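Q: Provided herewith is a single structure, encoded as structure tokens, for subsequent inquiry.
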Amino acid sequence: MKKMLLRAGCISILLTLAFCGMCPAKDTALKKLQGHWVDVNGDTALDIDDTELVISFGEWSETYPYELEKTAYSTRLVGTEPEGFGLLGDIELRSDGSLLSYAQIMDGEGHTYRFVREEDLEKELEIQDLSKDLPKSIESDDITYFSLTFDRSFGYGLDDEWPMGYYSWQIEKEDDSYNMSFDIMGNSYIVYRWNGEVSGEYIRGLAGKMEELGILEHNGYYMKNNVSGPRYYLYAEYASDEKLEIHAEGTAAEKCVFDLPGLLDYTKELIGDELEEAY
């Protein structure tokens, strides 16, 4: 009997210690969350205390109760059902100290919220130069892998014949064959799609076109800030193990540093002068 009582007492103490051990972690998370936050990607603000948060936009504001949900991998503010946080989803505390949430809009588009302390906003908007010192010339003309992705939301000097959408141009060499896909995607539909095999001559022409347009001179270029949305990325691998890499994110991606229209024009040899809807 004494052994059973001793064992029960030990278990009770361990459970108490475990419970108390969780309290400081929760209190620490609450301290990190409380206060005023602003959205890097817009004009929305949050004001958080220990039980409620206020979402404001201009003169509009709304107060919501929340629960703190902490797991081994994340800490989230979860809105109580059925109202939640309105259009905002759960709000996650990120490892870099920011708060991340997402709003889904009726037309299929959405908005990514990245909330930071107001005093950190200037740093979030500052464009960082993360460029690498890569060779500005490439000897090989045998491209084994090619990828160009960008969002047509920005003009980039493209004519109206190029429709709005997300562009993905991919080429991959398999044995002695080159497979190419060229897709333009809307929010939930295909604007245009081309898929097929291309010749080695076409690949050598693409390598020559990039050199002719001076694209190789930008090899290693990488500019970004923490504004979400705009992005372009050009990447190529060659049989010689040489590589080409150019990308930008955030505000830095609103203007493309290379001749994007000139590069896209090279696809017209295959897809023609007119872009037609796939289906």
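Naming scheme: A, B, ... for chains in displayed order of the structure tokens; residues 1 onward per chain; ligands 1 onward as shown.
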Set out as JSON lines a contact list for region 158-246 of chain A and region 121-139 of chain A with a cut-off of 7 Å, giving each residue of region 158-246 of chain A that qualifies its closest atom pair and distance in Å to one decimal, counting only C-alpha atoms, ordered by chain and rising residue number.

A:
```
{"residue": "A:Leu216", "atom": "CA", "partner": "A:Lys136", "partner_atom": "CA", "distance": 5.3}
{"residue": "A:Glu217", "atom": "CA", "partner": "A:Lys136", "partner_atom": "CA", "distance": 4.7}
{"residue": "A:His218", "atom": "CA", "partner": "A:Lys136", "partner_atom": "CA", "distance": 6.8}
{"residue": "A:Asn219", "atom": "CA", "partner": "A:Lys136", "partner_atom": "CA", "distance": 5.8}
{"residue": "A:Gly220", "atom": "CA", "partner": "A:Lys132", "partner_atom": "CA", "distance": 4.6}
{"residue": "A:Tyr221", "atom": "CA", "partner": "A:Ser131", "partner_atom": "CA", "distance": 4.7}
{"residue": "A:Tyr222", "atom": "CA", "partner": "A:Ser131", "partner_atom": "CA", "distance": 4.5}
{"residue": "A:Met223", "atom": "CA", "partner": "A:Asp129", "partner_atom": "CA", "distance": 4.9}
{"residue": "A:Lys224", "atom": "CA", "partner": "A:Ile127", "partner_atom": "CA", "distance": 5.4}
{"residue": "A:Asn225", "atom": "CA", "partner": "A:Ile127", "partner_atom": "CA", "distance": 4.7}
{"residue": "A:Asn226", "atom": "CA", "partner": "A:Glu124", "partner_atom": "CA", "distance": 5.4}
{"residue": "A:Val227", "atom": "CA", "partner": "A:Leu125", "partner_atom": "CA", "distance": 6.7}
{"residue": "A:Glu242", "atom": "CA", "partner": "A:Ile138", "partner_atom": "CA", "distance": 6.7}
```

Q: Just asking: which residues within region 71-215 of chain A are strand (DSSP E or B) according to DSSP, as a ChimeraX atom specification?

A: /A:75-79,85,88,91-93,99-104,110-117,128-129,143-151,166-174,177-185,190-198

Q: Measure the distance from CA of Ile203 (chain A) to CA of His247 (chain A) in Å and round it to one decimal.

A: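 Those two atoms sit 21.5 Å apart.
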
Q: Env of Leu264 (chain A): 10 Å cut, atoms = only C-alpha atoms, seq-sep filter 2 positions within chain, self excluded. Answer as a list of chain:residue names.

A: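 Counting only the stated atoms, we get A:Leu148, A:Leu158, A:Trp162, A:Trp169, A:Asp259, A:Leu260, A:Pro261, A:Gly262, A:Tyr266, A:Thr267, A:Lys268.
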
Q: Any chance you could export the current selection's C-alpha atoms as a compact mmCIF listing (two decimals), in the first residue's frame?

A:
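Result saved to again_26.txt:
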```txt
# COMPACT_ATOMS: atom_id res chain seq x y z
CA LEU A 148 11.59 30.66 -66.52
CA LEU A 158 5.37 42.74 -72.91
CA TRP A 162 0.88 38.07 -74.01
CA TRP A 169 8.50 27.78 -69.41
CA ASP A 259 14.98 41.51 -71.88
CA LEU A 260 11.95 39.38 -71.06
CA PRO A 261 10.00 40.26 -74.25
CA GLY A 262 13.02 39.36 -76.40
CA TYR A 266 11.92 33.02 -79.15
CA THR A 267 9.00 30.73 -78.21
CA LYS A 268 6.98 32.02 -81.19
```

Q: Could you check the closest approach to Tyr189 (chain A) for each of A:Met164, A:Cys256, A:Val38, A:Val78 and tell me which residue wins, using only C-alpha atoms?

A: A:Met164

Q: What residues in region 185-248 of chain A get the DSSP label alpha helix (DSSP H)? Please answer as a PyMOL selection string.

A: chain A and resi 200-212

Q: Just how far from CA of Ala253 (chain A) is CA of Ser240 (chain A), in Å to one decimal?

A: 29.5 Å

Q: Rounded to one decimal place, report the CA of Glu161 (chain A)-CA of Tyr145 (chain A) distance in Å.

A: 26.9 Å

Q: Find the spatial neighbours of Gln34 (chain A), counting only C-alpha atoms, within a cut-off of 10 Å - ignore same-chain residues fewer than 6 positions away - and output them as a list in words.

A: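 Using only C-alpha atoms, the neighbours found are Leu46, Asp47, Ile48, Asp49, Asp50, Thr51, Glu52 and Leu53 of chain A.
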
Q: What would the file look like if the residues just selected were written as a short mmCIF file (atom, residue, chain, number, x, y, z; two decimals), in the first residue's frame with C-alpha atoms?

A:
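Result saved to out30.cif:
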```cif
data_model
loop_
_atom_site.label_atom_id
_atom_site.label_comp_id
_atom_site.auth_asym_id
_atom_site.auth_seq_id
_atom_site.Cartn_x
_atom_site.Cartn_y
_atom_site.Cartn_z
CA LEU A 46 -3.46 44.16 -35.46
CA ASP A 47 -3.65 45.08 -31.79
CA ILE A 48 -3.38 42.08 -29.50
CA ASP A 49 -3.89 41.73 -25.75
CA ASP A 50 -4.05 38.54 -23.71
CA THR A 51 -7.59 37.54 -24.78
CA GLU A 52 -8.64 39.60 -27.84
CA LEU A 53 -7.27 41.05 -31.01
#
```

Q: Write out as a compact mmCIF listing (two decimals) with C-alpha atoms, in the first residue's frame the residues lying within 12 Å of Gly205 (chain A), counting only C-alpha atoms and excluding same-chain residues fewer than 3 positions away.

A:
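Everything below was put into part13.txt:
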```txt
# COMPACT_ATOMS: atom_id res chain seq x y z
CA SER A 140 28.40 25.66 -73.60
CA ASP A 141 25.35 25.93 -75.86
CA ASP A 142 23.86 22.61 -74.70
CA ILE A 143 21.16 23.48 -72.15
CA VAL A 198 12.14 20.32 -79.32
CA SER A 199 15.30 19.85 -81.37
CA GLY A 200 18.92 20.27 -80.36
CA GLU A 201 19.04 23.10 -82.90
CA TYR A 202 16.25 24.89 -81.02
CA GLY A 208 22.54 31.94 -78.46
CA LYS A 209 19.49 34.14 -77.93
CA MET A 210 20.27 34.55 -74.20
CA GLU A 211 23.82 35.55 -75.07
CA GLU A 212 22.63 37.93 -77.79
CA LEU A 263 13.39 36.01 -74.65
CA TYR A 266 11.92 33.02 -79.15
CA THR A 267 9.00 30.73 -78.21
CA GLU A 269 8.94 29.70 -83.46
```
